[in-house]
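Visitor: Quick one: the structure is below, questions incoming.
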Amino acid sequence: MILLKPNPSSGVPIYLQLMQQVRYAIETGALKPGEQLPSIRPLAEELVINPNTVAKAYRELEHEGAIELRQGAGAFVSARAPDRENAEKLKAAQALVAQGIERLRARGITDEEIRRLVEAELAGIHRKATEDERGK
Amino acid sequence: MESDRVVIETAGLTKRYDDVEALRGLDLRVPSGSIFGFLGRNGAGKTTTLKVLLGMARPTSGDARVFGLPSHDPQAGVEIRRRVAFVSEDKDLYDYMTVGEMIAFTRPFFPGWRTDLEQRYLTKFELPSGRAIKEFSRGTRTKLALLLALARGAELLILDEPTSGLDPAVAEDVLQSLVGHVAGESATVFFSSHQLSEVEQVADHVAIIDRGVTVVAGPLDDLRAHYQRIQLVFDGDAPDIRVHAAGTHRVERKGRVLTVLTSSGAAVADELRGYRPASIDVTAVTLKDIFLESVRPTEGAGTGRKN
Amino acid sequence: MASRTLWSTLAGKMWLETRWRFIAGVVLLTLLAASDVFEWVATDRLLPQIDATVISSNASGVVASAIRDALEAQKTFHGFIWYRGFRDNLTGLGIIFVTLIGCGGLVSETSKGSALFTLSLPVTRRQLFTARAGVGLAQCFAIAMVPSLVFPILAPAIGQRFTIGDALAHGLCLFIGGSLFFSLATYLSTLFADIWRPLVTALVIACGVAVVSFAVPQIDVFSVMNGEQYFRTGALPWIGLLTSAVLATALLYSAADTLERRDF
């Protein structure tokens, strides 16, 4: 299982990028339940990132229940069966996104513009979510 | 990693050279086990700070401590330097020596010298054995300086622009060795750099120094999460307005575009929605943005204003 | 780290930095001393002729009497060795070489690009200085003693005699007088980052002292260094030696202090 080098300037914190990659790998079956993840030190060296960042990603993943950290042994994917339901949901969502992107491209909208539209929309959604929180 | 131990601490550190104040009350806290990036423009006081920490320059006033020991005290300084490895910007070495002679000279000073690390880096860095250092390229020189720093088993590495002048492949080697050392030996790395992308890659804490004082400091993830850039495009000229939302750092107006650098994007988007922008874009802020924002002098009114 | 290893490592570095100057000095002065011994043979033959014409002249004045004194001194082998060997060659060149050895040091490493490495070592500046001064003084001692001992060793080769006691006495004067110049160069080296300014300044000061000592013989350190009093009276110039030693020590202490306070 190969982890891609995170992009430090993308704006997304490196530990989040790692978490996303691991979660995606678990959900698509690239990482199986009980399988061992790379140790912190060799992974940090290979990706040339801060070992504390790797540790943080692993800690957060353990907090979410996606992996287990066993004292002295390392990090392992949780023995629970992967969330099939979630995986199905994501697969369907992926299809919707692909459709949407195709349609936008057909209208002549560039990938960069598509990305910015998505970001703006997400920020708007976030704002609404915060409003709803405050309203409660 | 996050421990309460602080390996480097300065409080109100001031350093005056004749009539130039290089440091004007610098505060710094470097946590144990971190990779700490120390950023600033040329002449901001980075190298001076490093020299004070190592006892090479004496502070005018204020406090500077490494491992809790006062850096300007001669005896404490010896203890500090026994546990610290320093690589200067020019990779100071004895040019007339060879690799072997340099190692043989340095080794006796450090009781914690790690022969295994010495061997590992000799092989990994492919350092030439017979030639004098003065014939080395900058990359090879840096690698030797790094070997001497890593093999002495230091708890703290202090590096002044470690990858300056290096080609990307060698720079990556350097970063990889640092990362490996921190992970394997539980060391702390404190380095100054201009290569912001590298700092973003490996540092977990940063401090930005400008004109002798710290202007920004903290965990890198926290700092980045703190800022957003919101860009509003209007059908006509962008309105010349003052943004009242709290947490706004900078407003720039150029033609039809209004750009706001803020730590609370939601509040700003709210406030500006009333002006009916044609589009609102949110982009994440990089370390470069934070850096330029922190050290750039304030621009005149009309082009932009600091809130 | 065991103290012995620390000192030997530092001393080794100091040796590496000054060894060529030192070796050049010892070799050159030893060769000069040897050539002085053999030059006596030719001089010995010439002397009776010069004697008759010059010594008997009644020319007066500083220069004339200086020439007369010089010739008077060099009439014997012992006097010749003192005049040519100790007074001219060994003192003159000795000063130059001990000054050269005193130049350099930590501050000059700034221009060589290695000062920050040395300063990052777990040693105090005082230790660095002591190692350098110690090695330097040992080298000055060798530069003074080795050529001096050439005379008693080679004199029998031309059928002459020069006692070891005399050689040692003169060697001691050379060393202590020379250490004053070594200390001066060392002190000046803590003020300047390049290697040339301390050297030139020290030599200019030496020339200045030489000129002034015509009028003020009390500060004639060269006379102390070449052991003139010992030559003429058999008594070592204790006051001069003591003064030189005290001044040299004071200069070294000042140098160590200046180094401690310096910002790099």
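Labeling convention for the structure tokens: chains A, B, ... as they appear, residues from 1 per chain, ligands from 1 in order of appearance.
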Find the residues around Pro33 (chain A) up to 6 Å (only C-alpha atoms counted), leave out those fewer than 3 positions away in its own chain, and share them as a list of chain:residue names.
Guide: A:Val77, A:Ser78, A:Ala79
Visitor: With N, CA and C atoms retained, could you export that selection as an mmCIF file, in the first residue's frame?
Guide:
```cif
data_model
loop_
_atom_site.group_PDB
_atom_site.id
_atom_site.type_symbol
_atom_site.label_atom_id
_atom_site.label_comp_id
_atom_site.auth_asym_id
_atom_site.auth_seq_id
_atom_site.Cartn_x
_atom_site.Cartn_y
_atom_site.Cartn_z
ATOM 1 N N VAL A 77 -5.226 -1.445 11.177
ATOM 2 C CA VAL A 77 -6.594 -1.099 10.796
ATOM 3 C C VAL A 77 -7.541 -1.833 11.745
ATOM 4 N N SER A 78 -8.609 -1.124 12.170
ATOM 5 C CA SER A 78 -9.550 -1.732 13.117
ATOM 6 C C SER A 78 -10.098 -3.041 12.592
ATOM 7 N N ALA A 79 -10.297 -3.975 13.532
ATOM 8 C CA ALA A 79 -10.768 -5.300 13.139
ATOM 9 C C ALA A 79 -12.224 -5.282 12.686
#
```
Visitor: Wanna dump the region 31-106 of chain A-region 32-42 of chain B contacts at 10 Å for me, each residue with its shortest atom pair and the distance in Å to one decimal, counting only C-alpha atoms, ordered by chain and number, as CSV?
Guide:
```
residue,atom,partner,partner_atom,distance
A:Asn50,CA,B:Ile35,CA,7.2
A:Pro51,CA,B:Ile35,CA,9.2
A:Asn52,CA,B:Ser34,CA,7.6
```
Visitor: Report as a PyMOL selection string all protein, DNA and RNA residues lying within 9 Å of Phe77 (chain C), evaluated on only C-alpha atoms, omitting residues in the same chain fewer than 5 positions from it.
Guide: chain C and resi 37+40+44+82+160-162
Visitor: Would you write out those residues with C-alpha atoms, as a PDB file, in the first residue's frame?
Guide:
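Output (again.pdb):
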```pdb
ATOM      1  CA  VAL C  37      80.013  28.786  12.686  1.00  0.00           C
ATOM      2  CA  TRP C  40      84.348  32.172  11.369  1.00  0.00           C
ATOM      3  CA  ASP C  44      89.452  34.783  11.288  1.00  0.00           C
ATOM      4  CA  TRP C  82      77.477  36.414  19.827  1.00  0.00           C
ATOM      5  CA  GLN C 160      86.664  26.022  18.352  1.00  0.00           C
ATOM      6  CA  ARG C 161      84.731  25.822  21.549  1.00  0.00           C
ATOM      7  CA  PHE C 162      81.349  27.166  22.658  1.00  0.00           C
TER       8      PHE C 162
END
```
Visitor: With only C-alpha atoms as the counted atoms, please give the residues lying no more than 8 Å from region 125-132 of chain B, apart from itself and same-chain residues fewer than 5 positions off, as a PyMOL selection string.
Guide: chain B and resi 95-100+140+143-144
Visitor: Could you please tell me, as a PyMOL selection string, which residues of chain A have an atom within 7 Å of chain B when using only C-alpha atoms?
Guide: chain A and resi 8-9+11+13+41+44-45+48-52+116+119-120+123+127
Visitor: For the selection you just gave me, I'd like the residues written to a file as a short mmCIF file (atom, residue, chain, number, x, y, z; two decimals), in the first residue's frame, keeping N, CA and C atoms.
Guide:
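Result file part.cif:
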```cif
data_model
loop_
_atom_site.label_atom_id
_atom_site.label_comp_id
_atom_site.auth_asym_id
_atom_site.auth_seq_id
_atom_site.Cartn_x
_atom_site.Cartn_y
_atom_site.Cartn_z
N PRO A 8 2.35 20.13 0.88
CA PRO A 8 2.42 21.04 2.03
C PRO A 8 1.78 22.39 1.77
N SER A 9 1.69 22.81 0.51
CA SER A 9 1.17 24.14 0.24
C SER A 9 -0.28 24.13 -0.19
N GLY A 11 -2.88 23.97 1.53
CA GLY A 11 -3.83 24.61 2.43
C GLY A 11 -4.49 23.61 3.35
N PRO A 13 -4.07 20.86 6.01
CA PRO A 13 -2.97 20.40 6.87
C PRO A 13 -2.53 18.99 6.49
N ARG A 41 8.12 6.29 12.05
CA ARG A 41 9.42 6.78 11.62
C ARG A 41 9.71 6.51 10.15
N ALA A 44 7.48 8.75 7.99
CA ALA A 44 7.91 10.16 8.00
C ALA A 44 9.15 10.33 7.11
N GLU A 45 10.07 9.37 7.21
CA GLU A 45 11.29 9.47 6.40
C GLU A 45 10.98 9.33 4.93
N VAL A 48 9.12 12.37 3.84
CA VAL A 48 9.87 13.56 4.28
C VAL A 48 8.90 14.58 4.89
N ILE A 49 8.20 14.11 5.92
CA ILE A 49 7.34 15.01 6.69
C ILE A 49 7.63 14.80 8.17
N ASN A 50 7.10 15.67 8.95
CA ASN A 50 7.35 15.63 10.39
C ASN A 50 6.76 14.37 11.03
N PRO A 51 7.55 13.62 11.78
CA PRO A 51 7.01 12.42 12.43
C PRO A 51 5.88 12.74 13.39
N ASN A 52 5.91 13.92 13.99
CA ASN A 52 4.80 14.30 14.87
C ASN A 52 3.50 14.42 14.10
N ARG A 116 -12.96 26.21 -7.77
CA ARG A 116 -13.26 27.42 -7.00
C ARG A 116 -14.73 27.51 -6.66
N GLU A 119 -15.30 25.22 -3.71
CA GLU A 119 -14.78 25.83 -2.46
C GLU A 119 -15.73 26.87 -1.93
N ALA A 120 -16.18 27.75 -2.86
CA ALA A 120 -17.07 28.83 -2.43
C ALA A 120 -18.35 28.26 -1.86
N ALA A 123 -17.80 26.86 1.53
CA ALA A 123 -17.69 27.93 2.54
C ALA A 123 -19.07 28.43 2.89
N ARG A 127 -20.91 28.27 6.43
CA ARG A 127 -21.46 29.44 7.12
C ARG A 127 -22.85 29.13 7.61
#
```
